[in-house]
file data.txt (compact mmCIF, C-alpha atoms and all ligand atoms)
# COMPACT_ATOMS: atom_id res chain seq x y z
CA MET A 498 108.11 97.28 98.07
CA ILE A 499 106.43 99.92 95.92
CA VAL A 500 102.71 100.61 96.17
CA ILE A 501 101.42 102.32 93.04
CA LEU A 502 98.11 104.16 93.43
CA GLU A 503 95.49 104.55 90.74
CA PRO A 504 96.21 107.79 88.85
CA SER A 505 92.74 109.18 89.49
CA ILE A 506 92.91 108.94 93.28
CA GLN A 507 92.43 112.20 95.19
CA LYS A 508 94.45 112.99 98.33
CA ASN A 509 91.32 114.05 100.22
CA SER A 510 89.34 110.93 99.30
CA GLU A 511 88.24 108.22 101.71
CA GLU A 512 90.12 105.61 99.66
CA TYR A 513 93.38 107.53 100.08
CA ARG A 514 92.84 107.91 103.82
CA ASN A 515 92.10 104.20 104.17
CA ILE A 516 95.25 103.25 102.27
CA MET A 517 97.36 105.51 104.49
CA ALA A 518 95.75 104.16 107.65
CA TYR A 519 96.48 100.59 106.50
CA LEU A 520 100.11 101.37 105.70
CA ASP A 521 100.58 103.30 108.97
CA ASN A 522 99.49 100.19 110.86
CA LEU A 523 102.06 97.85 109.28
CA PRO A 524 104.59 96.90 111.97
CA ASN A 525 108.26 97.96 111.48
CA ILE A 526 107.52 99.67 108.19
CA ARG A 527 107.92 103.31 107.29
CA HIS A 528 106.87 104.80 104.00
CA ASN A 529 107.90 107.60 101.62
CA ILE A 530 105.42 109.08 99.20
CA HIS A 531 106.71 110.09 95.76
CA GLU A 532 104.83 111.93 93.07
CA VAL A 533 106.08 110.77 89.66
CA GLN A 534 105.29 112.72 86.52
CA GLY A 535 104.67 110.07 83.84
CA SER A 536 104.31 110.83 80.12
CA GLN A 537 100.49 110.87 80.37
CA GLN A 538 99.67 111.57 84.00
CA ALA A 539 100.98 112.08 87.52
CA LEU A 540 101.41 108.88 89.53
CA THR A 541 101.69 108.44 93.27
CA GLU A 542 104.13 105.78 94.39
CA ILE A 543 104.59 104.82 98.01
CA TYR A 544 107.87 103.19 98.99
CA LEU A 545 107.60 100.83 101.94
CA ILE A 546 110.87 100.57 103.83
CA GLY A 547 111.67 98.04 106.55
CA GLU A 548 110.73 94.41 107.01
CA THR A 549 108.61 94.04 103.89
CA ALA A 550 109.23 90.31 103.34
CA SER A 551 106.35 89.31 105.62
CA ILE A 552 103.85 91.79 104.16
CA SER A 553 101.15 90.38 101.89
CA LYS A 554 101.27 92.02 98.48
CA GLU A 555 97.79 90.66 97.72
CA ASN A 556 96.21 92.25 100.80
CA ILE A 557 97.49 95.68 99.80
CA GLU A 558 96.45 95.17 96.19
CA ALA A 559 92.92 94.36 97.37
CA LEU A 560 92.48 97.86 98.86
CA PRO A 561 90.40 100.23 96.72
CA GLY A 562 92.57 102.86 94.98
CA ILE A 563 95.65 100.65 94.55
CA GLU A 564 96.79 99.99 91.00
CA ARG A 565 99.52 97.47 91.82
CA VAL A 566 102.22 96.51 94.28
CA VAL A 567 105.76 95.69 93.20
CA ARG A 568 108.33 93.79 95.21
CA VAL A 569 111.77 95.21 94.52
CA SER A 570 115.21 93.83 95.20
CA GLN A 571 117.20 95.37 98.02
CA SER A 572 119.55 97.41 95.86
CA TYR A 573 118.63 100.60 94.01
CA ARG A 574 114.99 100.34 95.09
CA ILE A 575 113.88 103.50 93.36
CA LEU A 576 116.31 103.94 90.47
CA GLY A 577 116.89 100.25 89.79
CA ARG A 578 115.32 98.02 87.19
CA HIS A 579 113.24 95.35 88.85
CA ALA A 580 112.23 92.12 87.17
CA ALA A 581 108.73 92.46 88.65
CA ASP A 582 108.14 95.77 86.92
CA ASP A 583 110.51 96.53 84.08
CA ASN A 584 108.33 99.00 82.20
CA ARG A 585 108.65 101.93 84.59
CA SER A 586 109.95 105.13 83.05
CA SER A 587 113.63 105.59 82.23
CA SER A 588 113.21 109.21 81.19
CA PHE A 589 112.28 112.62 82.52
CA GLU A 590 111.69 116.06 81.09
CA TYR A 591 113.26 119.25 82.36
CA ASN A 592 112.77 122.73 80.89
CA GLY A 593 111.52 121.27 77.63
CA VAL A 594 114.41 118.80 77.22
CA THR A 595 113.84 115.05 77.55
CA PHE A 596 116.59 113.01 79.19
CA SER A 597 116.23 109.30 78.61
CA GLN A 598 118.01 105.99 78.22
CA ASP A 599 116.96 106.15 74.56
CA ASN A 600 118.33 109.48 73.35
CA LEU A 601 121.58 111.45 73.33
CA HIS A 602 122.52 115.01 74.32
CA VAL A 603 125.86 116.71 73.93
CA VAL A 604 126.72 118.99 76.86
CA ALA A 605 129.75 120.94 75.71
CA GLY A 606 131.05 123.95 77.59
CA LEU A 607 133.60 125.48 79.90
CA CYS A 608 135.10 123.40 82.69
CA ALA A 609 135.31 126.66 84.66
CA VAL A 610 133.65 129.99 83.96
CA ASP A 611 136.36 132.65 83.68
CA THR A 612 135.14 135.72 81.77
CA PRO A 613 131.74 136.81 80.38
CA LYS A 614 133.40 137.09 76.97
CA HIS A 615 134.45 133.44 76.94
CA VAL A 616 131.03 132.35 78.20
CA GLU A 617 129.37 134.30 75.40
CA MET A 618 131.71 132.90 72.72
CA MET A 619 130.93 129.40 73.97
CA MET A 620 127.15 129.90 74.06
CA LYS A 621 127.14 131.50 70.61
CA ALA A 622 129.07 128.55 69.13
CA LEU A 623 126.61 126.15 70.74
CA GLN A 624 123.62 127.93 69.27
CA GLU A 625 125.23 128.08 65.83
CA ASN A 626 125.66 124.32 66.07
CA GLY A 627 122.10 123.58 67.19
CA GLN A 628 122.90 122.77 70.82
CA THR A 629 120.61 123.49 73.79
CA CYS A 630 122.66 122.22 76.75
CA THR A 631 125.99 123.36 78.16
CA ARG A 632 128.35 122.82 81.08
CA MET A 633 129.59 125.83 83.07
CA GLY A 634 131.60 125.42 86.27
CA ALA A 635 131.24 128.19 88.84
CA TYR A 636 132.24 126.20 91.92
CA LYS A 637 135.38 124.18 91.31
CA PRO A 638 136.60 121.50 93.73
CA ARG A 639 140.38 121.74 93.32
CA THR A 640 143.10 119.38 94.48
CA ASN A 641 145.40 122.26 95.36
CA PRO A 642 144.04 124.87 97.80
CA TYR A 643 145.98 127.62 96.01
CA SER A 644 144.43 126.86 92.61
CA PHE A 645 141.58 128.95 91.19
CA GLN A 646 138.41 127.85 93.02
CA GLY A 647 135.87 129.14 90.49
CA ASN A 648 134.05 132.47 90.29
CA GLY A 649 131.23 131.22 92.49
CA LYS A 650 127.91 132.98 92.68
CA SER A 651 129.29 136.23 91.25
CA CYS A 652 129.19 134.75 87.74
CA LEU A 653 125.81 133.00 87.89
CA ASN A 654 123.66 135.92 86.71
CA TYR A 655 125.64 136.55 83.55
CA VAL A 656 125.99 132.84 82.81
CA PHE A 657 122.21 132.35 83.02
CA GLU A 658 121.44 135.55 81.05
CA LEU A 659 123.83 134.56 78.27
CA ALA A 660 122.39 131.05 78.23
CA GLY A 661 118.93 132.54 77.72
CA LYS A 662 120.22 134.87 74.99
CA TYR A 663 121.57 131.92 73.00
CA GLY A 664 118.67 129.53 73.51
CA ILE A 665 120.40 127.23 76.02
CA LYS A 666 117.78 125.31 78.01
CA VAL A 667 119.98 123.49 80.52
CA VAL A 668 123.20 124.62 82.20
CA VAL A 669 124.97 121.77 83.98
CA MET A 670 126.57 123.34 87.05
CA GLU A 671 128.70 121.51 89.59
CA ILE A 672 127.99 122.34 93.21
CA THR A 673 130.16 121.44 96.17
CA HIS A 674 128.03 122.69 99.07
CA GLU A 675 124.30 122.80 99.72
CA ILE A 676 124.36 126.60 99.83
CA HIS A 677 125.08 126.55 96.09
CA ILE A 678 121.58 125.17 95.46
CA GLU A 679 120.05 128.29 96.97
CA GLU A 680 122.53 130.56 95.17
CA SER A 681 121.57 128.97 91.84
CA ARG A 682 117.88 129.32 92.65
CA GLN A 683 118.30 132.98 93.56
CA ALA A 684 120.33 133.79 90.44
CA LEU A 685 117.66 132.19 88.25
CA GLU A 686 115.01 134.22 90.07
CA GLN A 687 116.96 137.47 89.73
CA THR A 688 117.48 136.95 86.01
CA GLY A 689 113.89 135.88 85.32
CA HIS A 690 114.55 132.18 84.65
CA PRO A 691 116.19 132.56 81.23
CA THR A 692 117.44 128.96 81.33
CA GLY A 693 117.39 125.81 83.49
CA VAL A 694 120.04 124.30 85.76
CA MET A 695 121.10 120.70 86.29
CA LEU A 696 123.12 120.26 89.48
CA GLN A 697 126.30 118.24 89.06
CA ILE A 698 127.92 116.32 91.89
CA GLY A 699 131.56 115.71 91.09
CA THR A 700 133.61 112.59 91.59
CA ARG A 701 135.17 113.92 94.82
CA ASN A 702 131.71 114.31 96.33
CA THR A 703 130.05 111.09 95.15
CA GLN A 704 129.96 109.83 98.73
CA ASN A 705 129.43 113.18 100.46
CA PHE A 706 126.22 111.84 101.96
CA GLU A 707 125.06 115.10 103.53
CA LEU A 708 125.43 116.88 100.19
CA LEU A 709 123.60 114.00 98.47
CA LYS A 710 120.74 114.33 100.96
CA SER A 711 120.46 118.09 100.47
CA VAL A 712 120.51 117.82 96.69
CA GLY A 713 118.11 114.88 96.74
CA LYS A 714 115.62 116.76 98.91
CA GLN A 715 115.09 119.58 96.43
CA GLN A 716 112.81 119.11 93.45
CA ASN A 717 113.69 122.24 91.44
CA PHE A 718 116.69 120.87 89.60
CA PRO A 719 117.60 117.49 88.08
CA ILE A 720 120.96 116.02 89.07
CA LEU A 721 124.02 114.72 87.26
CA LEU A 722 125.97 112.45 89.59
CA LYS A 723 129.51 111.46 88.68
CA ARG A 724 130.88 108.04 89.46
CA GLY A 725 133.38 108.13 92.32
CA PHE A 726 136.89 107.75 90.89
CA GLY A 727 138.13 105.42 93.64
CA ILE A 728 135.07 103.40 94.58
CA THR A 729 133.15 100.55 92.99
CA LEU A 730 130.34 101.01 90.53
CA GLU A 731 127.95 99.54 93.11
CA GLU A 732 128.99 102.15 95.69
CA SER A 733 128.50 104.91 93.14
CA LEU A 734 125.05 103.62 92.15
CA ASN A 735 124.10 103.55 95.82
CA ALA A 736 125.10 107.21 95.98
CA ALA A 737 122.60 107.87 93.18
CA GLU A 738 119.97 105.97 95.15
CA TYR A 739 120.59 108.34 98.08
CA LEU A 740 119.38 111.18 95.87
CA ALA A 741 116.26 109.28 94.87
CA SER A 742 115.54 108.11 98.40
CA GLU A 743 115.34 111.75 99.46
CA GLY A 744 112.74 112.41 96.77
CA ASN A 745 114.50 113.49 93.58
CA HIS A 746 114.29 110.81 90.89
CA GLN A 747 115.58 112.99 88.06
CA VAL A 748 119.10 111.63 88.17
CA ILE A 749 121.63 111.07 85.39
CA PHE A 750 124.68 108.94 86.14
CA ALA A 751 128.04 109.96 84.67
CA LEU A 752 131.03 107.75 83.96
CA ARG A 753 134.25 109.77 84.00
CA GLY A 754 137.02 107.21 84.33
CA VAL A 755 138.60 105.79 87.47
CA LYS A 756 141.87 106.67 89.14
CA THR A 757 144.71 104.20 88.65
CA HIS A 758 148.15 104.51 87.13
CA LEU A 759 147.10 101.68 84.81
CA GLY A 760 145.19 104.30 82.83
CA ASP A 761 148.41 106.21 82.05
CA PRO A 762 149.02 108.17 79.90
CA HIS A 763 145.35 109.10 80.20
CA ARG A 764 144.25 111.08 83.23
CA ASN A 765 141.92 108.24 84.30
CA LEU A 766 141.18 104.73 83.12
CA VAL A 767 138.24 105.04 80.74
CA ASP A 768 135.28 103.00 82.02
CA PHE A 769 132.73 103.42 79.23
CA THR A 770 132.13 99.68 78.89
CA HIS A 771 130.01 100.27 82.01
CA VAL A 772 127.42 102.26 79.97
CA PRO A 773 125.25 99.18 79.25
CA VAL A 774 125.83 97.89 82.78
CA VAL A 775 124.37 101.03 84.38
CA LYS A 776 121.45 100.88 81.91
CA ARG A 777 120.81 97.26 82.85
CA LEU A 778 120.96 97.82 86.61
CA THR A 779 119.11 101.14 86.75
CA ARG A 780 116.69 103.31 84.81
CA MET A 781 119.02 106.32 84.84
CA PRO A 782 120.18 107.92 81.59
CA VAL A 783 123.96 107.45 81.37
CA CYS A 784 126.41 110.24 80.69
CA ILE A 785 130.05 109.89 79.66
CA ASP A 786 132.73 112.49 80.34
CA PRO A 787 135.56 111.83 77.88
CA SER A 788 137.40 115.04 78.84
CA HIS A 789 138.04 114.15 82.46
CA SER A 790 138.70 110.53 81.49
CA VAL A 791 141.32 111.17 78.83
CA GLY A 792 142.58 114.54 80.06
CA ASN A 793 144.42 115.71 76.94
CA ARG A 794 143.81 116.97 73.42
CA ILE A 795 146.30 114.71 71.71
CA LYS A 796 145.67 113.51 68.17
CA ALA A 797 146.07 109.84 67.31
CA PRO A 798 147.94 108.91 64.10
CA ASP A 799 144.58 108.49 62.31
CA GLY A 800 143.85 112.22 62.77
CA LEU A 801 141.19 111.79 65.46
CA LEU A 802 141.64 113.21 68.95
CA GLU A 803 141.94 110.64 71.74
CA VAL A 804 138.97 112.41 73.37
CA GLN A 805 136.95 111.67 70.22
CA HIS A 806 137.95 108.01 70.29
CA ALA A 807 136.83 107.70 73.93
CA THR A 808 133.60 109.55 73.12
CA ALA A 809 132.84 107.20 70.25
CA GLN A 810 133.39 104.19 72.53
CA GLY A 811 130.79 105.51 74.96
CA VAL A 812 128.30 106.54 72.30
CA ILE A 813 128.50 103.28 70.37
CA ALA A 814 127.75 101.54 73.68
CA GLY A 815 124.53 103.57 74.07
CA ALA A 816 125.51 106.61 76.18
CA ASN A 817 122.77 109.23 76.60
CA MET A 818 124.83 112.31 77.36
CA ILE A 819 128.33 113.56 76.62
CA LEU A 820 129.84 116.06 79.03
CA VAL A 821 132.79 117.59 77.24
CA ASP A 822 135.17 120.50 77.86
CA PHE A 823 135.55 123.21 75.22
CA HIS A 824 137.19 126.63 75.51
CA PRO A 825 137.62 129.52 73.06
CA HIS A 826 141.25 129.92 74.22
CA PRO A 827 142.39 126.79 76.09
CA GLU A 828 145.76 128.42 76.79
CA LYS A 829 143.93 131.05 78.86
CA ALA A 830 141.58 128.62 80.65
CA LEU A 831 141.91 128.73 84.45
CA VAL A 832 141.02 125.04 84.87
CA ASP A 833 141.70 122.02 82.63
CA GLY A 834 142.82 124.00 79.56
CA PRO A 835 145.02 121.11 78.30
CA GLN A 836 141.95 118.89 77.74
CA ALA A 837 139.62 121.52 76.24
CA LEU A 838 138.63 121.27 72.60
CA LEU A 839 138.50 124.40 70.44
CA LEU A 840 135.28 126.10 69.35
CA GLU A 841 136.32 125.50 65.72
CA GLU A 842 136.36 121.78 66.53
CA LEU A 843 132.73 121.73 67.71
CA PRO A 844 131.12 120.92 64.30
CA TRP A 845 133.70 118.17 63.74
CA PHE A 846 133.10 116.76 67.22
CA LEU A 847 129.31 116.73 66.66
CA GLU A 848 129.62 115.10 63.24
CA ASP A 849 131.86 112.39 64.68
CA VAL A 850 129.38 111.79 67.54
CA GLN A 851 126.59 111.43 64.99
CA ILE A 852 128.47 108.65 63.21
CA ALA A 853 128.87 106.71 66.47
CA ARG A 854 125.23 107.28 67.43
CA GLU A 855 123.98 106.02 64.06
CA ALA A 856 126.19 102.96 64.43
CA TYR A 857 124.71 102.35 67.90
CA GLU A 858 121.15 102.67 66.57
CA LYS A 859 121.93 100.21 63.77
CA ARG A 860 123.44 97.78 66.28
CA ARG A 861 120.27 98.05 68.38
CA ASP A 862 118.09 97.36 65.31
CA VAL A 863 120.16 94.34 64.34
CA ALA A 864 119.98 93.03 67.92
CA ALA A 865 116.17 93.36 67.81
CA LYS A 866 116.11 91.41 64.53
CA TYR A 867 118.00 88.51 66.07
CA SER A 868 116.29 88.44 69.46
C1 LIG A 901 134.20 118.56 86.14
O1 LIG A 901 133.34 117.99 85.45
O2 LIG A 901 134.56 119.72 85.98
C2 LIG A 901 134.86 117.78 87.21
C3 LIG A 901 135.53 118.38 88.20
O3 LIG A 901 134.74 116.46 87.03
P1 LIG A 901 135.07 115.24 88.02
O4 LIG A 901 134.24 115.46 89.22
O5 LIG A 901 134.66 114.06 87.19
O6 LIG A 901 136.54 115.30 88.28
MN MN A 902 137.57 119.91 84.89
call {"tool": "encode", "arguments": {"input": "data.txt", "output": "structure tokens", "more": "lines below"}}
Ligand code: PEP
Ligand code: MN
result
Amino acid sequence: MIVILEPSIQKNSEEYRNIMAYLDNLPNIRHNIHEVQGSQQALTEIYLIGETASISKENIEALPGIERVVRVSQSYRILGRHAADDNRSSSFEYNGVTFSQDNLHVVAGLCAVDTPKHVEMMMKALQENGQTCTRMGAYKPRTNPYSFQGNGKSCLNYVFELAGKYGIKVVVMEITHEIHIEESRQALEQTGHPTGVMLQIGTRNTQNFELLKSVGKQQNFPILLKRGFGITLEESLNAAEYLASEGNHQVIFALRGVKTHLGDPHRNLVDFTHVPVVKRLTRMPVCIDPSHSVGNRIKAPDGLLEVQHATAQGVIAGANMILVDFHPHPEKALVDGPQALLLEELPWFLEDVQIAREAYEKRRDVAAKYS
């Protein structure tokens, strides 16, 4: 159950104290208070957790200072869409960039940061092509313990400084341990906040519940959560709800393919038909990662890369973000070189994405005409 307070209510008011006293007295119920930044004003939402079935919605709504009370289904209480209240926000803003179920961002960049020179070449290409988001991996979770594990915090300062130099507003950065949150915060502080950071949780950590709790507790950075590659969609969406239940609602959900030999010869079985499913079940913007799904840079007989075909499938289904690997010299990349696209291919990639996005928008308009 969600109790939404009137936007004008003050924390030190009698009304607010009365509401809290009432909620504190409900038997077998605990509550979490969330401040939500709406497009016009800040809203206070109180989530009631426990045996809410026997609570009277009307009695709470009768208290002064309450705007409305919404009964929600058991699953995805915070991030889910609920029939009782389907007009709650499906977007958020971070560092001047709006992430929403209605728009699309391309997040191209290095799977793993290797040298400052390659980072700079990447950032420069992004700026020349009008891009303001990138992906840069400093902490790499690797299957083989002897593989390169990422440059870690030693590269953060130059990554953030170069991002600022080339007008990049958001650097998507995978973290594998809660200490990386603090390291990112410190590096931003040391460099004077030249850019913003979105914390990525990779597919191997989708159900690392302690990491989810730590990342969910902080409010500095939005979060990109990848679908687990060997668990159900429902389990992965519950992982996203963990983040929100700890307080951070700025969550984007990424599809990146699932592990099965039935996806061969692709690295994973592409699951982008789930884009509209995630948008139906939750209010999270949906990202697709065609690079880790397809895992190669092979060209189909029609001249398009298989990564582009997968991207188009996700975009034409309404995806809101594309996380895609590029590298100035894939043959020198320390991680995932074989799937990286070339910087010269960036304008082509973007033009191809635009075609799919326009097709999606037309499809949406036609659907509105017939509904
Ligand atoms: C990545 O994006 O670099 C990555 C490791 O992805 P995933 O967690 O989907 O394998
Ligand atoms: Mn990778």
call {"tool": "atom_distance", "arguments": {"input": "data.txt", "atom1": "CA of Ser597 in chain A", "atom2": "CA of His690 in chain A"}}
result
23.7 Å
call {"tool": "atom_distance", "arguments": {"input": "data.txt", "atom1": "CA of Thr631 in chain A", "atom2": "CA of Val774 in chain A"}}
result
25.9 Å
call {"tool": "residues_near_ligand", "arguments": {"input": "data.txt", "ligand": "ligand LIG 901 (chain A)", "cutoff": "6 Å", "atoms": "only C-alpha atoms and all ligand atoms", "output": "ChimeraX atom specification"}}
result
/A:608,699-701,723,753,789
call {"tool": "atom_distance", "arguments": {"input": "data.txt", "atom1": "CA of Phe769 in chain A", "atom2": "CA of Val694 in chain A"}}
result
25.3 Å
call {"tool": "closest_atom_pairs", "arguments": {"input": "data.txt", "of": "chain A", "to": "ligand MN 902 (chain A)", "cutoff": "9 Å", "atoms": "only C-alpha atoms and all ligand atoms", "output": "JSON lines"}}
result
{"residue": "A:Leu607", "atom": "CA", "partner": "A:MN902", "partner_atom": "MN", "distance": 8.5}
{"residue": "A:Cys608", "atom": "CA", "partner": "A:MN902", "partner_atom": "MN", "distance": 4.8}
{"residue": "A:Ala609", "atom": "CA", "partner": "A:MN902", "partner_atom": "MN", "distance": 7.1}
{"residue": "A:Gly634", "atom": "CA", "partner": "A:MN902", "partner_atom": "MN", "distance": 8.2}
{"residue": "A:Lys637", "atom": "CA", "partner": "A:MN902", "partner_atom": "MN", "distance": 8.0}
{"residue": "A:Ser788", "atom": "CA", "partner": "A:MN902", "partner_atom": "MN", "distance": 7.8}
{"residue": "A:His789", "atom": "CA", "partner": "A:MN902", "partner_atom": "MN", "distance": 6.3}
{"residue": "A:Gly792", "atom": "CA", "partner": "A:MN902", "partner_atom": "MN", "distance": 8.8}
{"residue": "A:Asp822", "atom": "CA", "partner": "A:MN902", "partner_atom": "MN", "distance": 7.5}
{"residue": "A:Val832", "atom": "CA", "partner": "A:MN902", "partner_atom": "MN", "distance": 6.2}
{"residue": "A:Asp833", "atom": "CA", "partner": "A:MN902", "partner_atom": "MN", "distance": 5.2}
{"residue": "A:Gly834", "atom": "CA", "partner": "A:MN902", "partner_atom": "MN", "distance": 8.5}
{"residue": "A:Gln836", "atom": "CA", "partner": "A:MN902", "partner_atom": "MN", "distance": 8.4}
call {"tool": "residues_around", "arguments": {"input": "data.txt", "residues": "Asn654 in chain A", "least_positions_apart": "6", "cutoff": "9 Å", "atoms": "all atoms listed in the file", "output": "VMD selection string"}}
result
chain A and resid 681 684 to 685 687 to 688
call {"tool": "write_last_selection", "arguments": {"input": "data.txt", "atoms": "C-alpha atoms", "output": "PDB file, keeping the file's coordinate frame"}}
result
ATOM      1  CA  SER A 681     121.570 128.970  91.840  1.00  0.00           C
ATOM      2  CA  ALA A 684     120.330 133.790  90.440  1.00  0.00           C
ATOM      3  CA  LEU A 685     117.660 132.190  88.250  1.00  0.00           C
ATOM      4  CA  GLN A 687     116.960 137.470  89.730  1.00  0.00           C
ATOM      5  CA  THR A 688     117.480 136.950  86.010  1.00  0.00           C
TER       6      THR A 688
END
call {"tool": "residues_near_point", "arguments": {"input": "data.txt", "point": "(116.2, 107.5, 82.5)", "cutoff": "8 Å", "atoms": "all atoms listed in the file", "output": "ChimeraX atom specification"}}
result
/A:586-589,596-598,747-749,780-783
call {"tool": "write_last_selection", "arguments": {"input": "data.txt", "atoms": "C-alpha atoms", "output": "PDB file, in the frame of the given file"}}
result
ATOM      1  CA  SER A 586     109.950 105.130  83.050  1.00  0.00           C
ATOM      2  CA  SER A 587     113.630 105.590  82.230  1.00  0.00           C
ATOM      3  CA  SER A 588     113.210 109.210  81.190  1.00  0.00           C
ATOM      4  CA  PHE A 589     112.280 112.620  82.520  1.00  0.00           C
ATOM      5  CA  PHE A 596     116.590 113.010  79.190  1.00  0.00           C
ATOM      6  CA  SER A 597     116.230 109.300  78.610  1.00  0.00           C
ATOM      7  CA  GLN A 598     118.010 105.990  78.220  1.00  0.00           C
ATOM      8  CA  GLN A 747     115.580 112.990  88.060  1.00  0.00           C
ATOM      9  CA  VAL A 748     119.100 111.630  88.170  1.00  0.00           C
ATOM     10  CA  ILE A 749     121.630 111.070  85.390  1.00  0.00           C
ATOM     11  CA  ARG A 780     116.690 103.310  84.810  1.00  0.00           C
ATOM     12  CA  MET A 781     119.020 106.320  84.840  1.00  0.00           C
ATOM     13  CA  PRO A 782     120.180 107.920  81.590  1.00  0.00           C
ATOM     14  CA  VAL A 783     123.960 107.450  81.370  1.00  0.00           C
TER      15      VAL A 783
END
call {"tool": "closest_atom_pairs", "arguments": {"input": "data.txt", "of": "range 660-737 of chain A", "to": "range 568-576 of chain A", "cutoff": "8 Å", "atoms": "only C-alpha atoms", "output": "JSON lines"}}
result
{"residue": "A:Leu734", "atom": "CA", "partner": "A:Tyr573", "partner_atom": "CA", "distance": 7.3}
{"residue": "A:Asn735", "atom": "CA", "partner": "A:Tyr573", "partner_atom": "CA", "distance": 6.5}
{"residue": "A:Ala737", "atom": "CA", "partner": "A:Leu576", "partner_atom": "CA", "distance": 7.9}
call {"tool": "residues_near_point", "arguments": {"input": "data.txt", "point": "(127.9, 118.4, 90.2)", "cutoff": "10 Å", "atoms": "all atoms listed in the file", "output": "CSV table (one decimal) with C-alpha atoms, in the frame of the given file"}}
result
chain,number,residue,atom,x,y,z
A,634,GLY,CA,131.6,125.4,86.3
A,636,TYR,CA,132.2,126.2,91.9
A,637,LYS,CA,135.4,124.2,91.3
A,638,PRO,CA,136.6,121.5,93.7
A,669,VAL,CA,125.0,121.8,84.0
A,670,MET,CA,126.6,123.3,87.0
A,671,GLU,CA,128.7,121.5,89.6
A,672,ILE,CA,128.0,122.3,93.2
A,673,THR,CA,130.2,121.4,96.2
A,674,HIS,CA,128.0,122.7,99.1
A,695,MET,CA,121.1,120.7,86.3
A,696,LEU,CA,123.1,120.3,89.5
A,697,GLN,CA,126.3,118.2,89.1
A,698,ILE,CA,127.9,116.3,91.9
A,699,GLY,CA,131.6,115.7,91.1
A,700,THR,CA,133.6,112.6,91.6
A,701,ARG,CA,135.2,113.9,94.8
A,702,ASN,CA,131.7,114.3,96.3
A,703,THR,CA,130.0,111.1,95.2
A,712,VAL,CA,120.5,117.8,96.7
A,720,ILE,CA,121.0,116.0,89.1
A,721,LEU,CA,124.0,114.7,87.3
A,722,LEU,CA,126.0,112.4,89.6
A,723,LYS,CA,129.5,111.5,88.7
call {"tool": "residues_around", "arguments": {"input": "data.txt", "residues": "range 520-522 of chain A", "least_positions_apart": "4", "cutoff": "10 Å", "atoms": "only C-alpha atoms", "output": "VMD selection string"}}
result
chain A and resid 500 514 to 516 526 to 528 543 545 557
call {"tool": "closest_residue", "arguments": {"input": "data.txt", "among": "A:Leu801, A:Lys776, A:Tyr544, A:Leu740", "to": "His531 in chain A", "atoms": "all atoms listed in the file"}}
result
A:Tyr544
call {"tool": "closest_residue", "arguments": {"input": "data.txt", "among": "A:Asn600, A:Ser733, A:Thr612, A:Ser551", "to": "Met818 in chain A", "atoms": "all atoms listed in the file"}}
result
A:Asn600
call {"tool": "residues_around", "arguments": {"input": "data.txt", "residues": "Ile506 in chain A", "least_positions_apart": "4", "cutoff": "12 Å", "atoms": "all atoms listed in the file", "output": "PyMOL selection string"}}
result
chain A and resi 501-502+510-516+538-542+561-564
call {"tool": "closest_residue", "arguments": {"input": "data.txt", "among": "A:Leu523, A:Ala853, A:Leu831, A:Ile552", "to": "Arg639 in chain A", "atoms": "only C-alpha atoms"}}
result
A:Leu831
call {"tool": "residues_around", "arguments": {"input": "data.txt", "residues": "Gly754 in chain A", "least_positions_apart": "2", "cutoff": "8 Å", "atoms": "only C-alpha atoms", "output": "PyMOL selection string"}}
result
chain A and resi 726+752+756+765-769+786+789-790
call {"tool": "residues_around", "arguments": {"input": "data.txt", "residues": "Glu743 in chain A", "least_positions_apart": "2", "cutoff": "7 Å", "atoms": "all atoms listed in the file", "output": "ChimeraX atom specification"}}
result
/A:710,713-714,739-741,745
call {"tool": "closest_residue", "arguments": {"input": "data.txt", "among": "A:Glu732, A:Ile676, A:Lys666, A:Met517", "to": "Gly649 in chain A", "atoms": "all atoms listed in the file"}}
result
A:Ile676
call {"tool": "axis_aligned_box", "arguments": {"input": "data.txt", "around": "range 742-749 of chain A", "padding_each_side": "3 Å", "output": "JSON"}}
result
{"center_x": 117.2, "center_y": 110.8, "center_z": 92.4, "size_x": 14.9, "size_y": 11.4, "size_z": 20.1}
